[in-house]
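File shown: final.txt (compact mmCIF, C-alpha atoms).
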```
# COMPACT_ATOMS: atom_id res chain seq x y z
CA MET K 247 107.01 89.43 77.32
CA GLU K 248 105.47 92.85 77.74
CA GLN K 249 101.96 92.90 76.29
CA LYS K 250 100.06 95.98 75.34
CA PHE K 251 96.45 95.63 76.37
CA ALA K 252 93.52 97.24 74.67
CA SER K 253 92.48 98.50 78.11
CA PRO K 254 94.55 100.70 80.45
CA LEU K 255 92.29 99.53 83.33
CA LEU K 256 93.23 95.92 82.68
CA GLU K 257 96.85 96.93 82.19
CA SER K 258 96.98 98.62 85.58
CA ALA K 259 95.26 95.73 87.41
CA VAL K 260 97.72 93.27 85.84
CA THR K 261 100.68 95.46 86.77
CA GLU K 262 99.55 95.73 90.39
CA LEU K 263 98.79 92.01 90.69
CA SER K 264 102.19 91.09 89.25
CA ARG K 265 103.89 93.01 92.07
CA LEU K 266 102.78 90.26 94.45
CA PRO K 267 105.44 87.68 95.31
CA GLY K 268 105.34 84.57 93.12
CA ILE K 269 102.90 86.14 90.65
CA GLY K 270 104.32 86.90 87.23
CA ARG K 271 102.69 88.87 84.44
CA LYS K 272 101.07 85.81 82.87
CA THR K 273 99.50 84.67 86.16
CA ALA K 274 98.41 88.25 86.89
CA LEU K 275 96.64 88.38 83.53
CA ARG K 276 94.94 85.07 84.26
CA LEU K 277 93.74 86.37 87.65
CA ALA K 278 92.50 89.63 86.14
CA LEU K 279 90.58 87.85 83.37
CA HIS K 280 89.13 85.50 85.98
CA LEU K 281 87.84 88.49 87.97
CA LEU K 282 86.34 89.94 84.80
CA ARG K 283 84.38 86.76 84.19
CA ARG K 284 82.95 86.68 87.73
CA GLU K 285 80.30 88.85 89.37
CA PRO K 286 81.39 92.49 89.79
CA ARG K 287 80.81 92.27 93.55
CA GLU K 288 83.44 89.53 93.86
CA ALA K 289 86.11 91.82 92.45
CA SER K 290 85.07 94.75 94.61
CA ALA K 291 84.95 92.54 97.72
CA LEU K 292 88.55 91.53 97.02
CA GLY K 293 89.67 95.09 96.33
CA ARG K 294 87.95 96.47 99.43
CA ALA K 295 89.24 93.66 101.66
CA ILE K 296 92.82 94.44 100.62
CA ILE K 297 92.44 98.19 101.15
CA ASP K 298 90.60 97.79 104.47
CA MET K 299 93.15 95.33 105.77
CA ARG K 300 96.11 97.55 104.97
CA GLU K 301 94.47 100.68 106.33
CA GLY K 302 92.74 99.16 109.32
CA ILE K 303 95.24 96.68 110.66
CA ARG K 304 97.62 97.62 113.42
CA TYR K 305 99.95 95.79 115.72
CA CYS K 306 99.22 94.96 119.33
CA ASP K 307 100.86 97.49 121.65
CA VAL K 308 102.06 94.74 123.96
CA CYS K 309 103.04 91.71 121.88
CA HIS K 310 103.25 93.25 118.36
CA ASN K 311 100.99 90.57 116.93
CA ILE K 312 98.63 91.62 114.15
CA SER K 313 95.46 93.13 115.58
CA ASP K 314 92.49 95.26 114.68
CA THR K 315 92.63 96.92 118.09
CA GLU K 316 95.25 98.40 120.45
CA LEU K 317 95.42 95.15 122.36
CA CYS K 318 95.27 91.92 120.36
CA PRO K 319 92.60 89.34 121.29
CA ILE K 320 95.25 87.09 122.88
CA CYS K 321 96.70 89.83 125.13
CA ALA K 322 93.16 90.96 125.96
CA SER K 323 91.87 87.49 126.83
CA PRO K 324 91.27 86.81 130.54
CA LEU K 325 91.66 83.09 129.82
CA ARG K 326 95.36 83.24 128.93
CA ASP K 327 98.21 82.65 131.35
CA ARG K 328 99.66 86.17 131.60
CA ARG K 329 102.91 85.08 133.29
CA THR K 330 104.25 83.04 130.36
CA VAL K 331 105.51 84.74 127.19
CA CYS K 332 106.35 82.84 124.00
CA VAL K 333 108.88 84.72 121.84
CA VAL K 334 108.38 84.18 118.08
CA GLU K 335 109.86 85.63 114.92
CA SER K 336 106.70 86.60 113.06
CA VAL K 337 102.93 86.81 113.03
CA ARG K 338 102.82 83.51 111.12
CA ASP K 339 104.63 81.78 113.96
CA VAL K 340 101.94 82.97 116.39
CA MET K 341 99.41 81.22 114.13
CA SER K 342 101.57 78.07 114.04
CA VAL K 343 101.89 77.89 117.83
CA GLU K 344 98.20 78.69 118.30
CA SER K 345 97.23 75.90 115.92
CA THR K 346 98.95 73.34 118.18
CA GLY K 347 96.36 74.08 120.88
CA GLU K 348 99.12 73.34 123.45
CA TYR K 349 99.91 76.90 124.48
CA HIS K 350 97.80 79.17 126.65
CA GLY K 351 100.19 82.01 127.50
CA LEU K 352 100.92 85.32 125.77
CA TYR K 353 103.27 86.08 122.86
CA HIS K 354 105.99 88.48 121.88
CA VAL K 355 106.59 88.95 118.14
CA LEU K 356 110.17 90.05 117.38
CA GLY K 357 109.49 91.01 113.77
CA GLY K 358 112.57 89.13 112.52
CA LEU K 359 115.78 87.44 113.64
CA ILE K 360 119.25 88.87 114.24
CA SER K 361 121.13 88.40 110.97
CA PRO K 362 124.40 90.30 110.49
CA VAL K 363 124.54 89.04 106.86
CA ASP K 364 121.22 90.74 106.08
CA GLY K 365 122.12 93.77 108.21
CA VAL K 366 119.48 93.05 110.85
CA GLY K 367 120.73 94.05 114.32
CA PRO K 368 119.02 93.57 117.72
CA ASP K 369 117.91 97.23 117.77
CA MET K 370 115.76 96.63 114.67
CA LEU K 371 113.74 93.94 116.46
CA GLU K 372 111.26 94.15 119.34
CA ILE K 373 113.83 92.96 121.87
CA ASP K 374 113.97 96.10 124.08
CA SER K 375 110.21 95.92 124.50
CA LEU K 376 110.52 92.27 125.54
CA VAL K 377 113.11 93.20 128.17
CA GLU K 378 110.75 95.96 129.39
CA ARG K 379 107.93 93.45 129.77
CA VAL K 380 110.21 91.25 131.86
CA GLU K 381 111.53 94.21 133.88
CA ALA K 382 107.98 95.20 134.71
CA GLY K 383 107.91 91.94 136.68
CA ASP K 384 104.84 90.46 135.01
CA VAL K 385 106.59 87.42 133.54
CA ASP K 386 107.65 84.13 135.11
CA GLU K 387 108.81 82.28 132.01
CA VAL K 388 110.01 83.31 128.58
CA ILE K 389 109.78 80.51 125.98
CA LEU K 390 112.10 81.05 123.03
CA ALA K 391 110.27 79.58 120.01
CA LEU K 392 112.58 80.67 117.21
CA SER K 393 113.67 78.71 114.15
CA ALA K 394 116.43 76.12 114.61
CA THR K 395 118.74 78.05 112.28
CA MET K 396 121.93 80.06 112.72
CA GLU K 397 119.90 83.28 112.96
CA GLY K 398 117.48 81.70 115.41
CA ASP K 399 120.31 80.47 117.61
CA THR K 400 122.04 83.87 117.52
CA THR K 401 118.81 85.61 118.51
CA ASN K 402 118.09 83.02 121.21
CA PHE K 403 121.53 83.59 122.71
CA TYR K 404 121.27 87.39 122.56
CA ILE K 405 117.86 87.39 124.26
CA TYR K 406 119.07 84.89 126.84
CA ARG K 407 122.03 87.16 127.72
CA ARG K 408 119.77 90.21 128.04
CA LEU K 409 117.22 88.38 130.21
CA SER K 410 119.70 86.47 132.40
CA GLN K 411 120.28 89.70 134.32
CA HIS K 412 116.74 89.41 135.62
CA ALA K 413 116.83 86.68 138.24
CA GLY K 414 113.05 86.37 138.47
CA VAL K 415 112.47 84.97 134.99
CA ARG K 416 113.02 81.47 133.64
CA VAL K 417 114.16 81.29 130.01
CA THR K 418 113.34 78.08 128.12
CA GLN K 419 113.43 77.04 124.49
CA LEU K 420 111.52 74.60 122.31
CA ALA K 421 112.62 70.97 122.59
CA ARG K 422 114.75 69.86 119.66
CA GLY K 423 114.62 66.25 118.65
CA VAL K 424 113.28 63.72 116.20
CA SER K 425 110.16 65.04 114.44
CA VAL K 426 107.01 63.08 115.15
CA GLY K 427 106.52 60.62 112.28
CA ASN K 428 110.17 60.72 111.19
CA GLU K 429 112.32 57.61 110.93
CA ILE K 430 115.60 57.43 112.87
CA GLU K 431 117.42 56.32 109.71
CA PHE K 432 116.60 59.59 107.97
CA THR K 433 117.10 61.96 110.90
CA ASP K 434 120.24 64.08 110.57
CA GLU K 435 123.03 63.35 113.06
CA ILE K 436 122.93 66.74 114.82
CA THR K 437 119.21 66.40 115.58
CA LEU K 438 119.70 62.80 116.64
CA GLY K 439 122.63 63.76 118.89
CA ARG K 440 120.57 66.50 120.53
CA SER K 441 117.64 64.19 121.06
CA LEU K 442 119.96 61.71 122.82
CA LEU K 443 121.41 64.41 125.09
CA ASN K 444 117.95 65.76 125.90
CA ARG K 445 116.24 62.39 126.29
CA THR K 446 113.14 62.42 128.47
CA PRO K 447 111.73 59.84 130.94
CA PHE K 448 109.63 57.35 128.97
CA SER K 449 106.52 57.95 131.06
CA ASP K 450 106.45 61.61 129.88
CA SER K 451 105.45 60.50 126.42
CA PHE K 452 102.09 59.33 127.81
CA ALA K 453 101.35 62.87 128.98
CA LEU K 454 100.67 63.92 125.36
CA MET Z 27 93.61 73.70 107.78
CA GLU Z 28 91.30 76.50 108.82
CA GLN Z 29 93.17 79.08 110.90
CA LYS Z 30 91.56 81.61 113.16
CA PHE Z 31 93.33 84.93 112.84
CA ALA Z 32 93.66 87.53 115.55
CA SER Z 33 92.35 90.04 113.03
CA PRO Z 34 89.01 89.86 111.18
CA LEU Z 35 90.44 92.31 108.62
CA LEU Z 36 93.26 89.90 107.82
CA GLU Z 37 90.80 87.01 107.85
CA SER Z 38 88.59 88.65 105.27
CA ALA Z 39 91.50 89.63 102.98
CA VAL Z 40 92.81 86.06 103.11
CA THR Z 41 89.36 84.65 102.36
CA GLU Z 42 88.89 86.93 99.35
CA LEU Z 43 92.40 86.26 97.99
CA SER Z 44 91.93 82.51 98.31
CA ARG Z 45 88.89 82.68 96.00
CA LEU Z 46 91.30 83.40 93.11
CA PRO Z 47 92.13 80.40 90.92
CA GLY Z 48 95.30 78.57 91.91
CA ILE Z 49 95.58 80.46 95.21
CA GLY Z 50 94.97 78.39 98.33
CA ARG Z 51 94.60 79.62 101.88
CA LYS Z 52 98.32 79.35 102.64
CA THR Z 53 99.34 81.34 99.58
CA ALA Z 54 96.61 83.88 100.31
CA LEU Z 55 98.02 84.36 103.81
CA ARG Z 56 101.51 84.80 102.40
CA LEU Z 57 100.22 87.45 99.95
CA ALA Z 58 98.29 89.28 102.69
CA LEU Z 59 101.29 89.35 105.04
CA HIS Z 60 103.45 90.55 102.15
CA LEU Z 61 101.05 93.46 101.58
CA LEU Z 62 101.15 94.27 105.29
CA ARG Z 63 104.94 94.55 105.20
CA ARG Z 64 104.91 96.92 102.21
CA GLU Z 65 103.93 100.58 101.97
CA PRO Z 66 100.20 101.15 102.57
CA ARG Z 67 99.87 102.83 99.17
CA GLU Z 68 100.97 99.63 97.43
CA ALA Z 69 98.04 97.71 98.92
CA SER Z 70 95.56 100.45 98.13
CA ALA Z 71 96.87 100.73 94.56
CA LEU Z 72 96.23 97.01 94.13
CA GLY Z 73 92.79 97.18 95.73
CA ARG Z 74 91.76 100.21 93.68
CA ALA Z 75 93.12 98.76 90.42
CA ILE Z 76 91.00 95.64 90.90
CA ILE Z 77 87.84 97.59 91.73
CA ASP Z 78 88.36 100.11 88.92
CA MET Z 79 89.04 97.40 86.39
CA ARG Z 80 85.91 95.44 87.25
CA GLU Z 81 83.70 98.50 87.37
CA GLY Z 82 85.21 100.40 84.46
CA ILE Z 83 85.91 97.76 81.88
CA ARG Z 84 83.46 96.99 79.14
CA TYR Z 85 83.48 95.07 75.91
CA CYS Z 86 83.81 96.58 72.46
CA ASP Z 87 80.38 96.92 70.81
CA VAL Z 88 81.74 95.59 67.52
CA CYS Z 89 84.33 92.89 68.26
CA HIS Z 90 83.59 92.12 71.96
CA ASN Z 91 87.25 92.56 72.88
CA ILE Z 92 88.00 94.09 76.28
CA SER Z 93 87.87 97.84 76.11
CA ASP Z 94 87.58 100.95 78.27
CA THR Z 95 85.40 102.60 75.63
CA GLU Z 96 82.44 101.69 73.38
CA LEU Z 97 84.80 100.91 70.52
CA CYS Z 98 88.06 99.14 71.35
CA PRO Z 99 91.33 100.74 70.21
CA ILE Z 100 91.72 98.12 67.47
CA CYS Z 101 88.25 98.69 65.97
CA ALA Z 102 88.74 102.44 66.32
CA SER Z 103 92.15 102.51 64.66
CA PRO Z 104 92.27 103.99 61.11
CA LEU Z 105 95.45 101.97 60.48
CA ARG Z 106 93.79 98.54 60.60
CA ASP Z 107 92.48 96.67 57.58
CA ARG Z 108 88.74 96.86 58.18
CA ARG Z 109 87.82 94.21 55.59
CA THR Z 110 89.53 91.29 57.35
CA VAL Z 111 88.11 89.81 60.58
CA CYS Z 112 89.98 87.28 62.71
CA VAL Z 113 87.62 85.12 64.80
CA VAL Z 114 89.08 84.10 68.18
CA GLU Z 115 87.77 82.35 71.26
CA SER Z 116 88.79 84.84 73.94
CA VAL Z 117 90.37 88.15 74.83
CA ARG Z 118 93.64 86.32 75.53
CA ASP Z 119 93.74 85.05 71.97
CA VAL Z 120 93.47 88.64 70.67
CA MET Z 121 96.60 89.38 72.70
CA SER Z 122 98.33 86.28 71.33
CA VAL Z 123 97.59 87.16 67.70
CA GLU Z 124 98.51 90.81 68.29
CA SER Z 125 101.85 89.78 69.78
CA THR Z 126 102.81 88.05 66.50
CA GLY Z 127 102.83 91.45 64.79
CA GLU Z 128 101.68 89.65 61.61
CA TYR Z 129 98.02 90.69 61.66
CA HIS Z 130 96.61 94.10 60.87
CA GLY Z 131 92.89 93.43 60.49
CA LEU Z 132 90.04 93.51 63.01
CA TYR Z 133 88.86 90.83 65.45
CA HIS Z 134 85.71 89.08 66.59
CA VAL Z 135 85.79 87.53 70.06
CA LEU Z 136 83.32 84.62 70.39
CA GLY Z 137 83.55 84.35 74.17
CA GLY Z 138 83.98 80.56 74.07
CA LEU Z 139 83.70 77.54 71.82
CA ILE Z 140 80.72 75.31 71.03
CA SER Z 141 80.91 72.43 73.49
CA PRO Z 142 77.88 70.18 73.89
CA VAL Z 143 79.63 68.39 76.79
CA ASP Z 144 79.84 71.65 78.75
CA GLY Z 145 76.40 72.74 77.59
CA VAL Z 146 77.70 75.61 75.45
CA GLY Z 147 75.58 76.05 72.33
CA PRO Z 148 76.10 78.45 69.40
CA ASP Z 149 73.47 80.84 70.76
CA MET Z 150 75.60 81.46 73.88
CA LEU Z 151 78.48 82.74 71.76
CA GLU Z 152 78.90 85.90 69.70
CA ILE Z 153 78.22 84.07 66.43
CA ASP Z 154 75.03 85.91 65.41
CA SER Z 155 76.83 89.23 65.74
CA LEU Z 156 79.63 87.88 63.50
CA VAL Z 157 77.10 86.89 60.86
CA GLU Z 158 75.57 90.38 61.13
CA ARG Z 159 78.98 91.98 60.53
CA VAL Z 160 79.38 89.86 57.42
CA GLU Z 161 75.81 90.54 56.27
CA ALA Z 162 76.47 94.26 56.54
CA GLY Z 163 78.90 93.71 53.66
CA ASP Z 164 81.95 95.22 55.36
CA VAL Z 165 84.03 92.03 55.38
CA ASP Z 166 86.06 90.36 52.60
CA GLU Z 167 87.74 87.62 54.63
CA VAL Z 168 86.97 85.85 57.90
CA ILE Z 169 90.01 84.09 59.40
CA LEU Z 170 89.05 81.32 61.84
CA ALA Z 171 91.78 81.33 64.52
CA LEU Z 172 90.32 78.83 66.99
CA SER Z 173 92.12 76.13 68.94
CA ALA Z 174 92.97 72.90 67.11
CA THR Z 175 90.68 70.89 69.39
CA MET Z 176 87.39 69.08 68.99
CA GLU Z 177 85.51 72.16 70.25
CA GLY Z 178 87.52 74.45 67.96
CA ASP Z 179 86.81 72.25 64.94
CA THR Z 180 83.09 72.06 65.77
CA THR Z 181 82.90 75.84 66.09
CA ASN Z 182 84.91 76.34 62.90
CA PHE Z 183 82.52 74.12 61.00
CA TYR Z 184 79.41 75.76 62.44
CA ILE Z 185 80.64 79.26 61.57
CA TYR Z 186 81.72 78.10 58.13
CA ARG Z 187 78.22 76.73 57.47
CA ARG Z 188 76.59 79.96 58.61
CA LEU Z 189 78.91 82.15 56.53
CA SER Z 190 78.98 80.03 53.39
CA GLN Z 191 75.53 81.41 52.57
CA HIS Z 192 77.17 84.78 51.99
CA ALA Z 193 78.96 84.54 48.67
CA GLY Z 194 80.95 87.72 49.15
CA VAL Z 195 83.11 86.52 52.03
CA ARG Z 196 86.14 84.22 51.99
CA VAL Z 197 86.49 81.95 55.05
CA THR Z 198 90.02 80.79 55.90
CA GLN Z 199 91.59 79.12 58.90
CA LEU Z 200 95.03 79.07 60.50
CA ALA Z 201 97.58 76.80 58.84
CA ARG Z 202 98.12 73.56 60.74
CA GLY Z 203 101.51 71.90 60.52
CA VAL Z 204 104.79 71.25 62.24
CA SER Z 205 105.47 73.88 64.93
CA VAL Z 206 108.50 76.06 64.29
CA GLY Z 207 111.42 74.58 66.26
CA ASN Z 208 109.82 71.11 66.54
CA GLU Z 209 111.54 67.94 65.37
CA ILE Z 210 109.78 65.69 62.85
CA GLU Z 211 110.51 62.67 65.04
CA PHE Z 212 108.42 64.08 67.89
CA THR Z 213 105.57 65.54 65.82
CA ASP Z 214 102.33 63.59 66.16
CA GLU Z 215 101.17 61.70 63.07
CA ILE Z 216 97.96 63.71 62.56
CA THR Z 217 99.82 67.00 62.49
CA LEU Z 218 102.49 65.50 60.24
CA GLY Z 219 99.84 64.10 57.88
CA ARG Z 220 98.10 67.48 57.68
CA SER Z 221 101.37 69.27 57.04
CA LEU Z 222 102.07 66.88 54.15
CA LEU Z 223 98.63 67.43 52.63
CA ASN Z 224 98.93 71.21 53.01
CA ARG Z 225 102.55 71.45 51.90
CA THR Z 226 103.54 74.86 50.50
CA PRO Z 227 105.95 75.78 47.66
CA PHE Z 228 109.46 75.99 49.09
CA SER Z 229 109.96 79.59 47.96
CA ASP Z 230 107.06 80.69 50.21
CA SER Z 231 109.17 80.03 53.29
CA PHE Z 232 111.47 82.89 52.30
CA ALA Z 233 108.56 85.30 52.46
CA LEU Z 234 108.71 85.17 56.26
```

Is it possible to express this structure as structure tokens?
Amino acid sequence: MEQKFASPLLESAVTELSRLPGIGRKTALRLALHLLRREPREASALGRAIIDMREGIRYCDVCHNISDTELCPICASPLRDRRTVCVVESVRDVMSVESTGEYHGLYHVLGGLISPVDGVGPDMLEIDSLVERVEAGDVDEVILALSATMEGDTTNFYIYRRLSQHAGVRVTQLARGVSVGNEIEFTDEITLGRSLLNRTPFSDSFAL
Amino acid sequence: MEQKFASPLLESAVTELSRLPGIGRKTALRLALHLLRREPREASALGRAIIDMREGIRYCDVCHNISDTELCPICASPLRDRRTVCVVESVRDVMSVESTGEYHGLYHVLGGLISPVDGVGPDMLEIDSLVERVEAGDVDEVILALSATMEGDTTNFYIYRRLSQHAGVRVTQLARGVSVGNEIEFTDEITLGRSLLNRTPFSDSFAL
């Protein structure tokens, strides 16, 4: 339902808001009318924050994570283990791994996964720059932390092949097994099979 | 889950977006990352549209509808019937009535409904200005188009009492009855009772 508003200003705000994913015209109108009811400075804070973010944000020259500076805070931190690199698909995955509090190395954000169906080839991802980081000899271990999907597996394998030519680096991947809190009865057979093959000494579980 | 972002710019955009109703921190992050993937001009168009709307929009001096000018396009239009005023709760309701295409008069936006529970009294609504419009003698009919709720009925009654002192004006309200497309079996008894009391001659239904 296309509505004609009495106000072109409202019309244009609604149109722009409805371009956002998951926000239709009705929701956009609700958001716009909400902003009109609130203090003017709330709306301008939102508008400015969006503009400033898009104009000001850049990607880290080394790991391609989101950053306000040439080097992201993680790459710039003297507290991180610089010889371990965790390879992730996207900026969100950096946040996910960081939120575990279990990882203290650096990252490398690929910007996607190899997906022939979607026309995404290795050259469209930050894989060459990963190989360069390894070639520079700064890295002892590359941890592949990609999704457990067809695309993730394809990308894992491609990166593994590229890096296996460099004898000095160890390539590992995330453990796959029964999710913490899940019941065996409801775990799919492939996951269960993998977790049997990759079983760990019982005492290791106390290390957590 | 509070996440610390590598970028204060992203952080602030996410915080501002998550102030919107129905948008949590996770959705806000998804929207922000979406904007980062798109053309920079898309984000600045959104930001500017929000700021311009909030700063530029005003309310019509006569009917209190949203407007970019002193007089809204409806009040300013020479094609509208200036002697009929439809009283609605909010700007959204103006849009709803307009979208029926059945109404060609003017509006009066109250800005809410009388609700003692929420502490909204008649003096906080645009009721005095409605009475002034009627007192000025420009109005033949006031159509009460408020929600069929307790608050709507209270407000209807209050306005009716205020306007009944002016002999020259006819006060009407929206017909209440079985919704078009609804089955009798599933219509609530109050609505069904009202629609029996207010039954209309059968020939009238052809007039639609």

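Relative to atom CA of Leu136 of chain Z, atom CA of Val111 of chain Z is found at 12.1 Å.
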
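Distance check against Leu172 of chain Z using only C-alpha atoms: of Z:Val146, Z:Leu189, Z:Val135, Z:Ile100, the minimum falls on Z:Val135.
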
Neighbours of chain Z in chain K at 8 Å, counting all atoms listed in the file, as a ChimeraX atom specification: /K:249-256,258-259,262-263,266-267,277-278,280-282,286,289-303,312-314,318-320,341,345

Selected residues written out, C-alpha atoms, as a PDB file, keeping the file's coordinate frame:
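Result file follows (part.pdb):
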```
ATOM      1  CA  GLN K 249     101.960  92.900  76.290  1.00  0.00           C
ATOM      2  CA  LYS K 250     100.060  95.980  75.340  1.00  0.00           C
ATOM      3  CA  PHE K 251      96.450  95.630  76.370  1.00  0.00           C
ATOM      4  CA  ALA K 252      93.520  97.240  74.670  1.00  0.00           C
ATOM      5  CA  SER K 253      92.480  98.500  78.110  1.00  0.00           C
ATOM      6  CA  PRO K 254      94.550 100.700  80.450  1.00  0.00           C
ATOM      7  CA  LEU K 255      92.290  99.530  83.330  1.00  0.00           C
ATOM      8  CA  LEU K 256      93.230  95.920  82.680  1.00  0.00           C
ATOM      9  CA  SER K 258      96.980  98.620  85.580  1.00  0.00           C
ATOM     10  CA  ALA K 259      95.260  95.730  87.410  1.00  0.00           C
ATOM     11  CA  GLU K 262      99.550  95.730  90.390  1.00  0.00           C
ATOM     12  CA  LEU K 263      98.790  92.010  90.690  1.00  0.00           C
ATOM     13  CA  LEU K 266     102.780  90.260  94.450  1.00  0.00           C
ATOM     14  CA  PRO K 267     105.440  87.680  95.310  1.00  0.00           C
ATOM     15  CA  LEU K 277      93.740  86.370  87.650  1.00  0.00           C
ATOM     16  CA  ALA K 278      92.500  89.630  86.140  1.00  0.00           C
ATOM     17  CA  HIS K 280      89.130  85.500  85.980  1.00  0.00           C
ATOM     18  CA  LEU K 281      87.840  88.490  87.970  1.00  0.00           C
ATOM     19  CA  LEU K 282      86.340  89.940  84.800  1.00  0.00           C
ATOM     20  CA  PRO K 286      81.390  92.490  89.790  1.00  0.00           C
ATOM     21  CA  ALA K 289      86.110  91.820  92.450  1.00  0.00           C
ATOM     22  CA  SER K 290      85.070  94.750  94.610  1.00  0.00           C
ATOM     23  CA  ALA K 291      84.950  92.540  97.720  1.00  0.00           C
ATOM     24  CA  LEU K 292      88.550  91.530  97.020  1.00  0.00           C
ATOM     25  CA  GLY K 293      89.670  95.090  96.330  1.00  0.00           C
ATOM     26  CA  ARG K 294      87.950  96.470  99.430  1.00  0.00           C
ATOM     27  CA  ALA K 295      89.240  93.660 101.660  1.00  0.00           C
ATOM     28  CA  ILE K 296      92.820  94.440 100.620  1.00  0.00           C
ATOM     29  CA  ILE K 297      92.440  98.190 101.150  1.00  0.00           C
ATOM     30  CA  ASP K 298      90.600  97.790 104.470  1.00  0.00           C
ATOM     31  CA  MET K 299      93.150  95.330 105.770  1.00  0.00           C
ATOM     32  CA  ARG K 300      96.110  97.550 104.970  1.00  0.00           C
ATOM     33  CA  GLU K 301      94.470 100.680 106.330  1.00  0.00           C
ATOM     34  CA  GLY K 302      92.740  99.160 109.320  1.00  0.00           C
ATOM     35  CA  ILE K 303      95.240  96.680 110.660  1.00  0.00           C
ATOM     36  CA  ILE K 312      98.630  91.620 114.150  1.00  0.00           C
ATOM     37  CA  SER K 313      95.460  93.130 115.580  1.00  0.00           C
ATOM     38  CA  ASP K 314      92.490  95.260 114.680  1.00  0.00           C
ATOM     39  CA  CYS K 318      95.270  91.920 120.360  1.00  0.00           C
ATOM     40  CA  PRO K 319      92.600  89.340 121.290  1.00  0.00           C
ATOM     41  CA  ILE K 320      95.250  87.090 122.880  1.00  0.00           C
ATOM     42  CA  MET K 341      99.410  81.220 114.130  1.00  0.00           C
ATOM     43  CA  SER K 345      97.230  75.900 115.920  1.00  0.00           C
TER      44      SER K 345
END
```

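The interatomic distance for the pair atom CA of Glu211 of chain Z and atom CA of Asn182 of chain Z works out to 29.1 Å.
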
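When atom CA of Asp374 of chain K is paired with atom CA of Glu348 of chain K, their separation reads 27.2 Å.
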
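Within 9 Å of Ile405 of chain K, once all atoms listed in the file are used and residues closer than 2 positions along the same chain are dropped, the contacting residues are Ile373, Leu376, Val377, Leu390, Thr400, Thr401, Asn402, Phe403, Arg407, Arg408, Leu409 and Ser410 of chain K.
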
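For the point (79.4, 91.1, 67.5), the residues with at least one atom inside 7 Å, counting only C-alpha atoms, are Z:Asp87, Z:Val88, Z:Cys89, Z:His90, Z:His134, Z:Glu152, Z:Ser155, Z:Leu156.
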
Residues as selected, C-alpha atoms, written as an mmCIF file, in the coordinates of the input, can you do that?
```
data_model
loop_
_atom_site.group_PDB
_atom_site.id
_atom_site.type_symbol
_atom_site.label_atom_id
_atom_site.label_comp_id
_atom_site.auth_asym_id
_atom_site.auth_seq_id
_atom_site.Cartn_x
_atom_site.Cartn_y
_atom_site.Cartn_z
ATOM 1 C CA ASP Z 87 80.380 96.920 70.810
ATOM 2 C CA VAL Z 88 81.740 95.590 67.520
ATOM 3 C CA CYS Z 89 84.330 92.890 68.260
ATOM 4 C CA HIS Z 90 83.590 92.120 71.960
ATOM 5 C CA HIS Z 134 85.710 89.080 66.590
ATOM 6 C CA GLU Z 152 78.900 85.900 69.700
ATOM 7 C CA SER Z 155 76.830 89.230 65.740
ATOM 8 C CA LEU Z 156 79.630 87.880 63.500
#
```

Surrounding residues of Ser361 of chain K excluding itself and chain neighbours under 2 positions, 10 Å, only C-alpha atoms, as a PyMOL selection string: chain K and resi 358-359+363-368+396-398+400-401

Keeping only C-alpha atoms, write the selected residues as an mmCIF file, in the frame of the given file.
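And here is the file that came out, part-v1.cif:
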```
data_model
loop_
_atom_site.group_PDB
_atom_site.id
_atom_site.type_symbol
_atom_site.label_atom_id
_atom_site.label_comp_id
_atom_site.auth_asym_id
_atom_site.auth_seq_id
_atom_site.Cartn_x
_atom_site.Cartn_y
_atom_site.Cartn_z
ATOM 1 C CA GLY K 358 112.570 89.130 112.520
ATOM 2 C CA LEU K 359 115.780 87.440 113.640
ATOM 3 C CA VAL K 363 124.540 89.040 106.860
ATOM 4 C CA ASP K 364 121.220 90.740 106.080
ATOM 5 C CA GLY K 365 122.120 93.770 108.210
ATOM 6 C CA VAL K 366 119.480 93.050 110.850
ATOM 7 C CA GLY K 367 120.730 94.050 114.320
ATOM 8 C CA PRO K 368 119.020 93.570 117.720
ATOM 9 C CA MET K 396 121.930 80.060 112.720
ATOM 10 C CA GLU K 397 119.900 83.280 112.960
ATOM 11 C CA GLY K 398 117.480 81.700 115.410
ATOM 12 C CA THR K 400 122.040 83.870 117.520
ATOM 13 C CA THR K 401 118.810 85.610 118.510
#
```

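Shortest separation to Asp327 of chain K among K:Val424, K:Val380, K:Leu352, K:Ile360 occurs at residue K:Leu352, atoms counted being all atoms listed in the file.
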